[in-house]
file structure.cif (mmCIF, C-alpha atoms)
data_start
loop_
_atom_site.group_PDB
_atom_site.id
_atom_site.type_symbol
_atom_site.label_atom_id
_atom_site.label_comp_id
_atom_site.auth_asym_id
_atom_site.auth_seq_id
_atom_site.Cartn_x
_atom_site.Cartn_y
_atom_site.Cartn_z
ATOM 1 C CA MET A 1 -6.487 8.162 -18.118
ATOM 2 C CA THR A 2 -4.821 4.758 -18.199
ATOM 3 C CA HIS A 3 -1.678 3.626 -19.995
ATOM 4 C CA GLN A 4 -3.950 1.946 -22.553
ATOM 5 C CA ASP A 5 -5.815 5.210 -23.193
ATOM 6 C CA LYS A 6 -2.513 6.911 -24.071
ATOM 7 C CA ASN A 7 -1.785 4.330 -26.791
ATOM 8 C CA PHE A 8 1.746 3.465 -25.693
ATOM 9 C CA THR A 9 3.614 0.970 -27.800
ATOM 10 C CA ALA A 10 4.326 -2.414 -26.220
ATOM 11 C CA GLU A 11 7.972 -1.398 -25.731
ATOM 12 C CA GLU A 12 7.039 1.919 -24.092
ATOM 13 C CA LEU A 13 4.536 0.192 -21.810
ATOM 14 C CA GLU A 14 7.144 -2.366 -20.712
ATOM 15 C CA GLN A 15 9.547 0.484 -19.887
ATOM 16 C CA ILE A 16 6.854 2.148 -17.783
ATOM 17 C CA VAL A 17 6.169 -1.089 -15.925
ATOM 18 C CA GLU A 18 9.843 -1.806 -15.260
ATOM 19 C CA ALA A 19 10.348 1.776 -14.060
ATOM 20 C CA HIS A 20 7.504 1.300 -11.531
ATOM 21 C CA MET A 21 5.784 4.420 -12.797
ATOM 22 C CA GLY A 22 2.296 5.036 -11.434
ATOM 23 C CA THR A 23 -0.535 7.104 -12.842
ATOM 24 C CA SER A 24 -1.138 9.437 -9.876
ATOM 25 C CA VAL A 25 -1.302 9.609 -6.095
ATOM 26 C CA GLU A 26 -4.829 8.205 -6.330
ATOM 27 C CA THR A 27 -5.272 4.471 -6.839
ATOM 28 C CA PRO A 28 -6.771 3.996 -10.337
ATOM 29 C CA LEU A 29 -10.340 2.847 -9.757
ATOM 30 C CA ARG A 30 -13.398 2.776 -11.998
ATOM 31 C CA ASP A 31 -16.522 4.692 -10.957
ATOM 32 C CA ASP A 32 -18.397 1.400 -10.538
ATOM 33 C CA ALA A 33 -15.668 -0.224 -8.415
ATOM 34 C CA PHE A 34 -17.990 -0.920 -5.468
ATOM 35 C CA GLU A 35 -21.280 -1.741 -7.153
ATOM 36 C CA LEU A 36 -20.666 -5.431 -6.480
ATOM 37 C CA SER A 37 -20.728 -6.676 -2.897
ATOM 38 C CA ASP A 38 -17.690 -8.453 -1.452
ATOM 39 C CA ASP A 39 -19.492 -11.784 -1.738
ATOM 40 C CA GLU A 40 -20.322 -11.136 -5.403
ATOM 41 C CA LYS A 41 -16.714 -10.235 -6.119
ATOM 42 C CA ILE A 42 -15.494 -13.426 -4.434
ATOM 43 C CA ILE A 43 -17.830 -15.540 -6.565
ATOM 44 C CA GLN A 44 -16.662 -13.904 -9.804
ATOM 45 C CA ILE A 45 -12.942 -13.954 -8.932
ATOM 46 C CA GLU A 46 -13.207 -17.593 -7.889
ATOM 47 C CA SER A 47 -14.631 -18.463 -11.310
ATOM 48 C CA LYS A 48 -11.947 -16.482 -13.164
ATOM 49 C CA PHE A 49 -9.114 -17.953 -11.112
ATOM 50 C CA ARG A 50 -10.456 -21.452 -11.680
ATOM 51 C CA ASP A 51 -10.190 -20.666 -15.417
ATOM 52 C CA ILE A 52 -6.566 -19.581 -14.976
ATOM 53 C CA MET A 53 -5.678 -22.777 -13.149
ATOM 54 C CA ASN A 54 -7.389 -24.849 -15.833
ATOM 55 C CA ILE A 55 -5.484 -23.009 -18.567
ATOM 56 C CA LEU A 56 -2.240 -23.769 -16.723
ATOM 57 C CA GLY A 57 -3.175 -27.440 -16.862
ATOM 58 C CA LEU A 58 -3.680 -27.993 -13.143
ATOM 59 C CA ASP A 59 -5.989 -30.798 -11.998
ATOM 60 C CA LEU A 60 -8.693 -29.080 -9.983
ATOM 61 C CA THR A 61 -10.161 -32.416 -8.894
ATOM 62 C CA ASP A 62 -7.094 -32.876 -6.683
ATOM 63 C CA ASP A 63 -7.949 -32.374 -3.013
ATOM 64 C CA SER A 64 -5.088 -29.888 -2.545
ATOM 65 C CA LEU A 65 -6.125 -27.682 -5.492
ATOM 66 C CA ASN A 66 -9.906 -27.899 -5.499
ATOM 67 C CA GLY A 67 -10.434 -25.170 -2.925
ATOM 68 C CA THR A 68 -7.684 -22.869 -4.202
ATOM 69 C CA PRO A 69 -9.861 -20.646 -6.438
ATOM 70 C CA HIS A 70 -12.133 -19.791 -3.523
ATOM 71 C CA ARG A 71 -9.198 -19.273 -1.138
ATOM 72 C CA VAL A 72 -7.508 -16.900 -3.585
ATOM 73 C CA ALA A 73 -10.724 -14.970 -4.257
ATOM 74 C CA LYS A 74 -11.439 -14.556 -0.543
ATOM 75 C CA MET A 75 -7.841 -13.489 0.114
ATOM 76 C CA TYR A 76 -7.972 -10.851 -2.634
ATOM 77 C CA VAL A 77 -11.233 -9.281 -1.479
ATOM 78 C CA LYS A 78 -11.055 -9.646 2.309
ATOM 79 C CA GLU A 79 -7.308 -9.393 2.931
ATOM 80 C CA ALA A 80 -4.761 -8.494 0.244
ATOM 81 C CA PHE A 81 -6.845 -5.772 -1.434
ATOM 82 C CA SER A 82 -9.258 -4.803 1.333
ATOM 83 C CA GLY A 83 -7.767 -1.290 1.334
ATOM 84 C CA LEU A 84 -9.372 -0.534 -2.030
ATOM 85 C CA ASN A 85 -12.715 -0.038 -0.330
ATOM 86 C CA PRO A 86 -12.924 3.407 1.353
ATOM 87 C CA ALA A 87 -15.441 1.940 3.799
ATOM 88 C CA ASN A 88 -12.515 0.058 5.372
ATOM 89 C CA LYS A 89 -10.447 3.189 6.034
ATOM 90 C CA PRO A 90 -9.686 3.527 9.770
ATOM 91 C CA ASP A 91 -11.323 6.375 11.658
ATOM 92 C CA MET A 92 -8.695 8.873 12.846
ATOM 93 C CA LYS A 93 -10.364 10.049 16.042
ATOM 94 C CA LEU A 94 -8.294 12.773 17.691
ATOM 95 C CA PHE A 95 -7.958 13.484 21.414
ATOM 96 C CA THR A 96 -7.004 16.585 23.358
ATOM 97 C CA ASN A 97 -3.260 16.743 23.935
ATOM 98 C CA LYS A 98 -3.586 16.843 27.739
ATOM 99 C CA TYR A 99 0.133 16.252 28.277
ATOM 100 C CA ALA A 100 1.063 19.279 26.170
ATOM 101 C CA TYR A 101 3.507 17.105 24.227
ATOM 102 C CA ASN A 102 4.673 19.221 21.304
ATOM 103 C CA GLU A 103 7.714 17.318 20.024
ATOM 104 C CA MET A 104 7.749 14.759 17.222
ATOM 105 C CA LEU A 105 6.122 11.415 17.837
ATOM 106 C CA ILE A 106 7.615 8.500 15.895
ATOM 107 C CA GLU A 107 6.053 5.115 15.240
ATOM 108 C CA LYS A 108 8.699 2.909 13.654
ATOM 109 C CA ASN A 109 8.994 -0.575 12.178
ATOM 110 C CA ILE A 110 5.358 -0.784 11.057
ATOM 111 C CA THR A 111 4.973 -3.968 9.016
ATOM 112 C CA VAL A 112 4.039 -3.455 5.371
ATOM 113 C CA HIS A 113 2.453 -6.239 3.319
ATOM 114 C CA SER A 114 1.376 -4.977 -0.094
ATOM 115 C CA HIS A 115 1.248 -6.168 -3.717
ATOM 116 C CA CYS A 116 2.930 -4.788 -6.812
ATOM 117 C CA GLU A 117 0.223 -3.618 -9.207
ATOM 118 C CA HIS A 118 2.340 -4.573 -12.224
ATOM 119 C CA HIS A 119 2.719 -8.289 -11.416
ATOM 120 C CA PHE A 120 0.441 -8.854 -8.380
ATOM 121 C CA VAL A 121 3.256 -10.287 -6.269
ATOM 122 C CA PRO A 122 4.086 -9.164 -2.703
ATOM 123 C CA ILE A 123 5.873 -6.044 -1.541
ATOM 124 C CA LEU A 124 7.250 -6.624 1.966
ATOM 125 C CA GLY A 125 8.802 -3.994 4.160
ATOM 126 C CA VAL A 126 8.702 -1.648 7.130
ATOM 127 C CA CYS A 127 7.361 1.871 7.438
ATOM 128 C CA HIS A 128 8.361 4.589 9.896
ATOM 129 C CA VAL A 129 6.021 7.537 10.418
ATOM 130 C CA ALA A 130 6.188 10.656 12.557
ATOM 131 C CA TYR A 131 4.123 13.730 13.307
ATOM 132 C CA ILE A 132 4.247 16.798 15.511
ATOM 133 C CA PRO A 133 0.936 17.266 17.381
ATOM 134 C CA ASN A 134 -1.175 20.268 16.474
ATOM 135 C CA GLY A 135 -3.089 20.549 19.740
ATOM 136 C CA ARG A 136 -4.536 17.026 19.443
ATOM 137 C CA VAL A 137 -3.155 13.489 19.290
ATOM 138 C CA VAL A 138 -4.322 10.103 18.005
ATOM 139 C CA GLY A 139 -4.151 6.579 19.397
ATOM 140 C CA LEU A 140 -0.883 4.948 18.330
ATOM 141 C CA SER A 141 -2.546 1.951 16.695
ATOM 142 C CA LYS A 142 -4.282 4.290 14.230
ATOM 143 C CA LEU A 143 -0.908 5.108 12.678
ATOM 144 C CA ASN A 144 -0.312 1.409 12.035
ATOM 145 C CA ARG A 145 -3.839 0.985 10.703
ATOM 146 C CA ILE A 146 -3.479 3.827 8.200
ATOM 147 C CA VAL A 147 -0.279 2.282 6.842
ATOM 148 C CA ARG A 148 -1.967 -1.114 6.614
ATOM 149 C CA HIS A 149 -5.075 0.287 4.899
ATOM 150 C CA TYR A 150 -3.174 1.848 2.007
ATOM 151 C CA ALA A 151 -0.785 -1.094 1.748
ATOM 152 C CA LYS A 152 -3.736 -3.438 1.187
ATOM 153 C CA ARG A 153 -4.062 -2.428 -2.454
ATOM 154 C CA PRO A 154 -2.276 -3.149 -5.699
ATOM 155 C CA GLN A 155 0.476 -0.546 -5.308
ATOM 156 C CA VAL A 156 3.624 1.127 -6.454
ATOM 157 C CA GLN A 157 5.818 2.148 -3.539
ATOM 158 C CA GLU A 158 6.008 5.810 -4.491
ATOM 159 C CA ARG A 159 2.223 6.111 -4.469
ATOM 160 C CA LEU A 160 1.886 4.163 -1.226
ATOM 161 C CA THR A 161 4.322 6.514 0.525
ATOM 162 C CA ARG A 162 2.414 9.585 -0.634
ATOM 163 C CA GLN A 163 -0.972 8.114 0.235
ATOM 164 C CA ILE A 164 0.148 7.357 3.786
ATOM 165 C CA ALA A 165 1.554 10.873 4.208
ATOM 166 C CA GLU A 166 -1.537 12.591 2.842
ATOM 167 C CA ALA A 167 -3.895 10.438 4.926
ATOM 168 C CA LEU A 168 -1.911 11.270 8.071
ATOM 169 C CA MET A 169 -1.875 15.001 7.301
ATOM 170 C CA GLU A 170 -5.629 14.952 6.772
ATOM 171 C CA GLY A 171 -6.440 12.730 9.744
ATOM 172 C CA LEU A 172 -4.082 14.438 12.193
ATOM 173 C CA ASP A 173 -4.967 17.946 10.993
ATOM 174 C CA THR A 174 -1.312 18.909 10.637
ATOM 175 C CA LYS A 175 1.203 19.291 7.826
ATOM 176 C CA ASP A 176 4.018 18.203 10.153
ATOM 177 C CA VAL A 177 4.255 14.594 8.968
ATOM 178 C CA ALA A 178 7.096 12.321 7.822
ATOM 179 C CA VAL A 179 6.976 8.881 6.179
ATOM 180 C CA TYR A 180 9.873 6.519 5.376
ATOM 181 C CA LEU A 181 9.234 3.203 3.647
ATOM 182 C CA ASP A 182 11.848 0.496 3.046
ATOM 183 C CA ALA A 183 10.521 -2.488 1.099
ATOM 184 C CA GLU A 184 11.526 -5.531 -0.903
ATOM 185 C CA HIS A 185 9.673 -6.224 -4.149
ATOM 186 C CA LEU A 186 9.171 -9.852 -5.081
ATOM 187 C CA CYS A 187 8.741 -8.777 -8.701
ATOM 188 C CA VAL A 188 12.449 -7.851 -8.502
ATOM 189 C CA LYS A 189 13.461 -10.875 -6.402
ATOM 190 C CA THR A 190 11.598 -13.654 -8.202
ATOM 191 C CA ARG A 191 11.340 -12.521 -11.836
ATOM 192 C CA GLY A 192 13.185 -10.296 -14.275
ATOM 193 C CA ILE A 193 16.536 -9.402 -12.752
ATOM 194 C CA GLU A 194 15.997 -11.856 -9.823
ATOM 195 C CA ASP A 195 17.977 -9.693 -7.406
ATOM 196 C CA ASN A 196 17.685 -10.952 -3.826
ATOM 197 C CA GLY A 197 19.851 -8.298 -2.233
ATOM 198 C CA SER A 198 18.133 -4.997 -3.028
ATOM 199 C CA SER A 199 15.383 -2.997 -1.387
ATOM 200 C CA THR A 200 13.600 0.230 -2.303
ATOM 201 C CA ILE A 201 13.401 3.304 -0.068
ATOM 202 C CA THR A 202 10.878 6.119 -0.466
ATOM 203 C CA MET A 203 10.309 9.145 1.766
ATOM 204 C CA SER A 204 7.824 11.962 2.194
ATOM 205 C CA PHE A 205 8.526 15.017 4.384
ATOM 206 C CA HIS A 206 6.077 17.810 5.081
ATOM 207 C CA GLY A 207 5.783 20.924 7.235
ATOM 208 C CA GLU A 208 8.358 21.039 10.038
ATOM 209 C CA PHE A 209 9.939 17.833 8.735
ATOM 210 C CA GLU A 210 11.221 19.714 5.707
ATOM 211 C CA LYS A 211 13.677 21.389 8.086
ATOM 212 C CA ASP A 212 17.033 19.623 8.180
ATOM 213 C CA MET A 213 17.124 19.373 11.982
ATOM 214 C CA ASN A 214 13.776 17.549 12.254
ATOM 215 C CA LYS A 215 14.418 15.435 9.196
ATOM 216 C CA LYS A 216 17.760 14.323 10.624
ATOM 217 C CA ALA A 217 16.258 13.520 14.045
ATOM 218 C CA PHE A 218 13.535 11.412 12.417
ATOM 219 C CA LEU A 219 15.936 9.479 10.188
ATOM 220 C CA GLU A 220 18.399 8.843 13.002
ATOM 221 C CA SER A 221 15.666 7.357 15.197
ATOM 222 C CA PHE A 222 15.603 4.097 13.202
ATOM 223 C CA ARG A 223 18.957 3.944 11.404
#
call {"tool": "encode", "arguments": {"input": "structure.cif", "output": "C-alpha cells"}}
result
Amino acid sequence: MTHQDKNFTAEELEQIVEAHMGTSVETPLRDDAFELSDDEKIIQIESKFRDIMNILGLDLTDDSLNGTPHRVAKMYVKEAFSGLNPANKPDMKLFTNKYAYNEMLIEKNITVHSHCEHHFVPILGVCHVAYIPNGRVVGLSKLNRIVRHYAKRPQVQERLTRQIAEALMEGLDTKDVAVYLDAEHLCVKTRGIEDNGSSTITMSFHGEFEKDMNKKAFLESFR
C-alpha cells in the first residue's frame, strides 16, 4: 500500500516526506517493474526527461543540452538505480573457513552513493559492516558489492541499512552481522533547511553484535 492509497492529506504527506518515513524494508516496486528491458526503459525515460527540460524552458537544440535526456536516462537505468533489478544482485559465494578465523571481520569505509526517494537527489556517505564467520567466509569485495547494490536504488537511509543487514545475514548464513551507515543527504543540504553541516547515522545489530562487548568493539574500530 502506498501513501496515495492511504489517502493522506497534502499536509500529512509532506510531514511523512520530511520525516524520511519509508513504507517497509522492501523497496516499493510494482509487479510489472521488469517487463520492459533496460533499453526500452532508457528510450521512455529519455522522452519523459526531454519533456521536463522543455517545460523548464531549456533550449534542447543547444549542443550542451541536446544529449542530456539520453545521458540522464542511461544513468538512471544502468547506474544510479541499477540495484532495483534483482538480476544485478551480487552472488554471495561462500568458502570454507580454512584458517578457522572465528572473530569478527570488519569492512569499513565502504563508499555509498544513493538517491533520496523523496526528491531524487544524492545521498553520499560511508558504510561499515561486520560479521562473525559461521564456518564459511566470503570474498571481501562481496561485502562492498552488497552495499553498492542496495544503495543503487531510490532510498531512505533507514531502509538501506536494514536491506544491507538482511542481505548479509542471508548471504553469509549467519545472524552475527552489524551495519553502520553515516551519510549526507543533499535534500537536506541543497533544499528545505539547507543545512550543510549535518549527517545521518543509522545502525543495525544482530546476533552476537547485540552484545555490548561486540557492539563496542565494532563501533570503536572506525571512530
call {"tool": "residues_near_point", "arguments": {"input": "structure.cif", "point": "(-6.5, -9.3, -1.7)", "cutoff": "12 Å", "atoms": "all atoms listed in the file", "output": "MDAnalysis selection string"}}
result
chainID A and resid 38 41:42 45 71:85 113:117 120:122 149 151:155
call {"tool": "closest_residue", "arguments": {"input": "structure.cif", "among": "A:Phe49, A:Tyr101, A:Phe34, A:Tyr131", "to": "Gly207 in chain A", "atoms": "only C-alpha atoms"}}
result
A:Tyr131
call {"tool": "residues_around", "arguments": {"input": "structure.cif", "residues": "range 156-165 of chain A", "least_positions_apart": "5", "cutoff": "7 Å", "atoms": "all atoms listed in the file", "output": "mmCIF file with C-alpha atoms, keeping the file's coordinate frame"}}
result
data_model
loop_
_atom_site.group_PDB
_atom_site.id
_atom_site.type_symbol
_atom_site.label_atom_id
_atom_site.label_comp_id
_atom_site.auth_asym_id
_atom_site.auth_seq_id
_atom_site.Cartn_x
_atom_site.Cartn_y
_atom_site.Cartn_z
ATOM 1 C CA HIS A 20 7.504 1.300 -11.531
ATOM 2 C CA GLY A 22 2.296 5.036 -11.434
ATOM 3 C CA VAL A 25 -1.302 9.609 -6.095
ATOM 4 C CA CYS A 116 2.930 -4.788 -6.812
ATOM 5 C CA GLU A 117 0.223 -3.618 -9.207
ATOM 6 C CA ILE A 146 -3.479 3.827 8.200
ATOM 7 C CA VAL A 147 -0.279 2.282 6.842
ATOM 8 C CA TYR A 150 -3.174 1.848 2.007
ATOM 9 C CA ALA A 151 -0.785 -1.094 1.748
ATOM 10 C CA VAL A 177 4.255 14.594 8.968
ATOM 11 C CA ALA A 178 7.096 12.321 7.822
ATOM 12 C CA VAL A 179 6.976 8.881 6.179
ATOM 13 C CA LEU A 181 9.234 3.203 3.647
ATOM 14 C CA THR A 202 10.878 6.119 -0.466
ATOM 15 C CA MET A 203 10.309 9.145 1.766
ATOM 16 C CA SER A 204 7.824 11.962 2.194
#
call {"tool": "closest_residue", "arguments": {"input": "structure.cif", "among": "A:Ser64, A:Asn196, A:Thr27, A:Asn144", "to": "Val112 in chain A", "atoms": "all atoms listed in the file"}}
result
A:Asn144
call {"tool": "atom_distance", "arguments": {"input": "structure.cif", "atom1": "CA of Ile201 in chain A", "atom2": "CA of Ser24 in chain A"}}
result
18.6 Å
call {"tool": "atom_distance", "arguments": {"input": "structure.cif", "atom1": "CA of Glu220 in chain A", "atom2": "CA of His206 in chain A"}}
result
17.2 Å
call {"tool": "closest_residue", "arguments": {"input": "structure.cif", "among": "A:Gly125, A:Pro28, A:Gly139, A:Pro69", "to": "Ala183 in chain A", "atoms": "all atoms listed in the file"}}
result
A:Gly125
call {"tool": "closest_residue", "arguments": {"input": "structure.cif", "among": "A:Leu124, A:Leu172, A:Ala217, A:Ile132", "to": "Leu186 in chain A", "atoms": "only C-alpha atoms"}}
result
A:Leu124
call {"tool": "closest_residue", "arguments": {"input": "structure.cif", "among": "A:Leu29, A:Glu166, A:His119, A:Arg145", "to": "Arg191 in chain A", "atoms": "only C-alpha atoms"}}
result
A:His119
call {"tool": "residues_around", "arguments": {"input": "structure.cif", "residues": "Asn109 in chain A", "least_positions_apart": "4", "cutoff": "7 Å", "atoms": "all atoms listed in the file", "output": "VMD selection string"}}
result
chain A and resid 126 to 128
call {"tool": "decode", "arguments": {"input": "structure.cif", "residues": "range 129-157 of chain A", "atoms": "N, CA and C atoms", "output": "mmCIF file, in the first residue's frame"}}
result
data_model
loop_
_atom_site.group_PDB
_atom_site.id
_atom_site.type_symbol
_atom_site.label_atom_id
_atom_site.label_comp_id
_atom_site.auth_asym_id
_atom_site.auth_seq_id
_atom_site.Cartn_x
_atom_site.Cartn_y
_atom_site.Cartn_z
ATOM 1 N N VAL A 129 30.597 -2.477 7.785
ATOM 2 C CA VAL A 129 29.879 -3.725 8.034
ATOM 3 C C VAL A 129 30.811 -4.712 8.717
ATOM 4 N N ALA A 130 30.213 -5.639 9.459
ATOM 5 C CA ALA A 130 30.994 -6.671 10.134
ATOM 6 C C ALA A 130 30.166 -7.941 10.241
ATOM 7 N N TYR A 131 30.880 -9.066 10.299
ATOM 8 C CA TYR A 131 30.206 -10.340 10.569
ATOM 9 C C TYR A 131 31.164 -11.274 11.289
ATOM 10 N N ILE A 132 30.608 -12.253 11.955
ATOM 11 C CA ILE A 132 31.384 -13.303 12.600
ATOM 12 C C ILE A 132 31.144 -14.576 11.802
ATOM 13 N N PRO A 133 32.191 -15.190 11.232
ATOM 14 C CA PRO A 133 32.001 -16.340 10.348
ATOM 15 C C PRO A 133 31.292 -17.502 11.046
ATOM 16 N N ASN A 134 30.442 -18.153 10.272
ATOM 17 C CA ASN A 134 29.707 -19.316 10.758
ATOM 18 C C ASN A 134 30.190 -20.543 9.992
ATOM 19 N N GLY A 135 31.493 -20.811 10.076
ATOM 20 C CA GLY A 135 32.058 -21.963 9.388
ATOM 21 C C GLY A 135 32.540 -21.660 7.984
ATOM 22 N N ARG A 136 31.969 -20.601 7.353
ATOM 23 C CA ARG A 136 32.369 -20.235 5.995
ATOM 24 C C ARG A 136 32.556 -18.725 5.906
ATOM 25 N N VAL A 137 33.343 -18.300 4.902
ATOM 26 C CA VAL A 137 33.636 -16.887 4.720
ATOM 27 C C VAL A 137 33.323 -16.501 3.274
ATOM 28 N N VAL A 138 33.379 -15.200 2.993
ATOM 29 C CA VAL A 138 33.087 -14.690 1.662
ATOM 30 C C VAL A 138 34.215 -13.764 1.229
ATOM 31 N N GLY A 139 34.418 -13.633 -0.077
ATOM 32 C CA GLY A 139 35.411 -12.689 -0.570
ATOM 33 C C GLY A 139 35.080 -11.275 -0.127
ATOM 34 N N LEU A 140 36.089 -10.509 0.276
ATOM 35 C CA LEU A 140 35.847 -9.190 0.859
ATOM 36 C C LEU A 140 35.084 -8.264 -0.077
ATOM 37 N N SER A 141 35.380 -8.333 -1.370
ATOM 38 C CA SER A 141 34.724 -7.416 -2.305
ATOM 39 C C SER A 141 33.221 -7.620 -2.351
ATOM 40 N N LYS A 142 32.745 -8.821 -1.976
ATOM 41 C CA LYS A 142 31.302 -9.078 -1.994
ATOM 42 C C LYS A 142 30.572 -8.223 -0.959
ATOM 43 N N LEU A 143 31.241 -7.896 0.133
ATOM 44 C CA LEU A 143 30.628 -7.030 1.139
ATOM 45 C C LEU A 143 30.387 -5.645 0.547
ATOM 46 N N ASN A 144 31.414 -5.131 -0.147
ATOM 47 C CA ASN A 144 31.265 -3.834 -0.817
ATOM 48 C C ASN A 144 30.162 -3.885 -1.873
ATOM 49 N N ARG A 145 30.114 -4.979 -2.619
ATOM 50 C CA ARG A 145 29.148 -5.080 -3.708
ATOM 51 C C ARG A 145 27.712 -5.149 -3.203
ATOM 52 N N ILE A 146 27.501 -5.800 -2.065
ATOM 53 C CA ILE A 146 26.156 -5.842 -1.485
ATOM 54 C C ILE A 146 25.711 -4.448 -1.068
ATOM 55 N N VAL A 147 26.603 -3.700 -0.426
ATOM 56 C CA VAL A 147 26.281 -2.324 -0.040
ATOM 57 C C VAL A 147 25.941 -1.508 -1.280
ATOM 58 N N ARG A 148 26.762 -1.625 -2.308
ATOM 59 C CA ARG A 148 26.551 -0.855 -3.534
ATOM 60 C C ARG A 148 25.229 -1.235 -4.196
ATOM 61 N N HIS A 149 24.910 -2.520 -4.228
ATOM 62 C CA HIS A 149 23.684 -2.975 -4.897
ATOM 63 C C HIS A 149 22.444 -2.314 -4.299
ATOM 64 N N TYR A 150 22.345 -2.331 -2.971
ATOM 65 C CA TYR A 150 21.148 -1.773 -2.340
ATOM 66 C C TYR A 150 21.166 -0.244 -2.302
ATOM 67 N N ALA A 151 22.365 0.339 -2.389
ATOM 68 C CA ALA A 151 22.440 1.797 -2.462
ATOM 69 C C ALA A 151 21.955 2.312 -3.814
ATOM 70 N N LYS A 152 22.102 1.490 -4.861
ATOM 71 C CA LYS A 152 21.739 1.921 -6.205
ATOM 72 C C LYS A 152 20.239 1.777 -6.435
ATOM 73 N N ARG A 153 19.482 2.456 -5.577
ATOM 74 C CA ARG A 153 18.030 2.495 -5.662
ATOM 75 C C ARG A 153 17.569 3.841 -5.106
ATOM 76 N N PRO A 154 16.378 4.276 -5.468
ATOM 77 C CA PRO A 154 15.787 5.365 -4.678
ATOM 78 C C PRO A 154 15.609 4.842 -3.253
ATOM 79 N N GLN A 155 16.130 5.570 -2.250
ATOM 80 C CA GLN A 155 16.200 5.012 -0.909
ATOM 81 C C GLN A 155 15.792 6.006 0.171
ATOM 82 N N VAL A 156 15.494 5.447 1.335
ATOM 83 C CA VAL A 156 15.589 6.164 2.601
ATOM 84 C C VAL A 156 16.673 5.440 3.394
ATOM 85 N N GLN A 157 17.413 6.156 4.199
ATOM 86 C CA GLN A 157 18.598 5.566 4.824
ATOM 87 C C GLN A 157 18.245 4.424 5.765
#
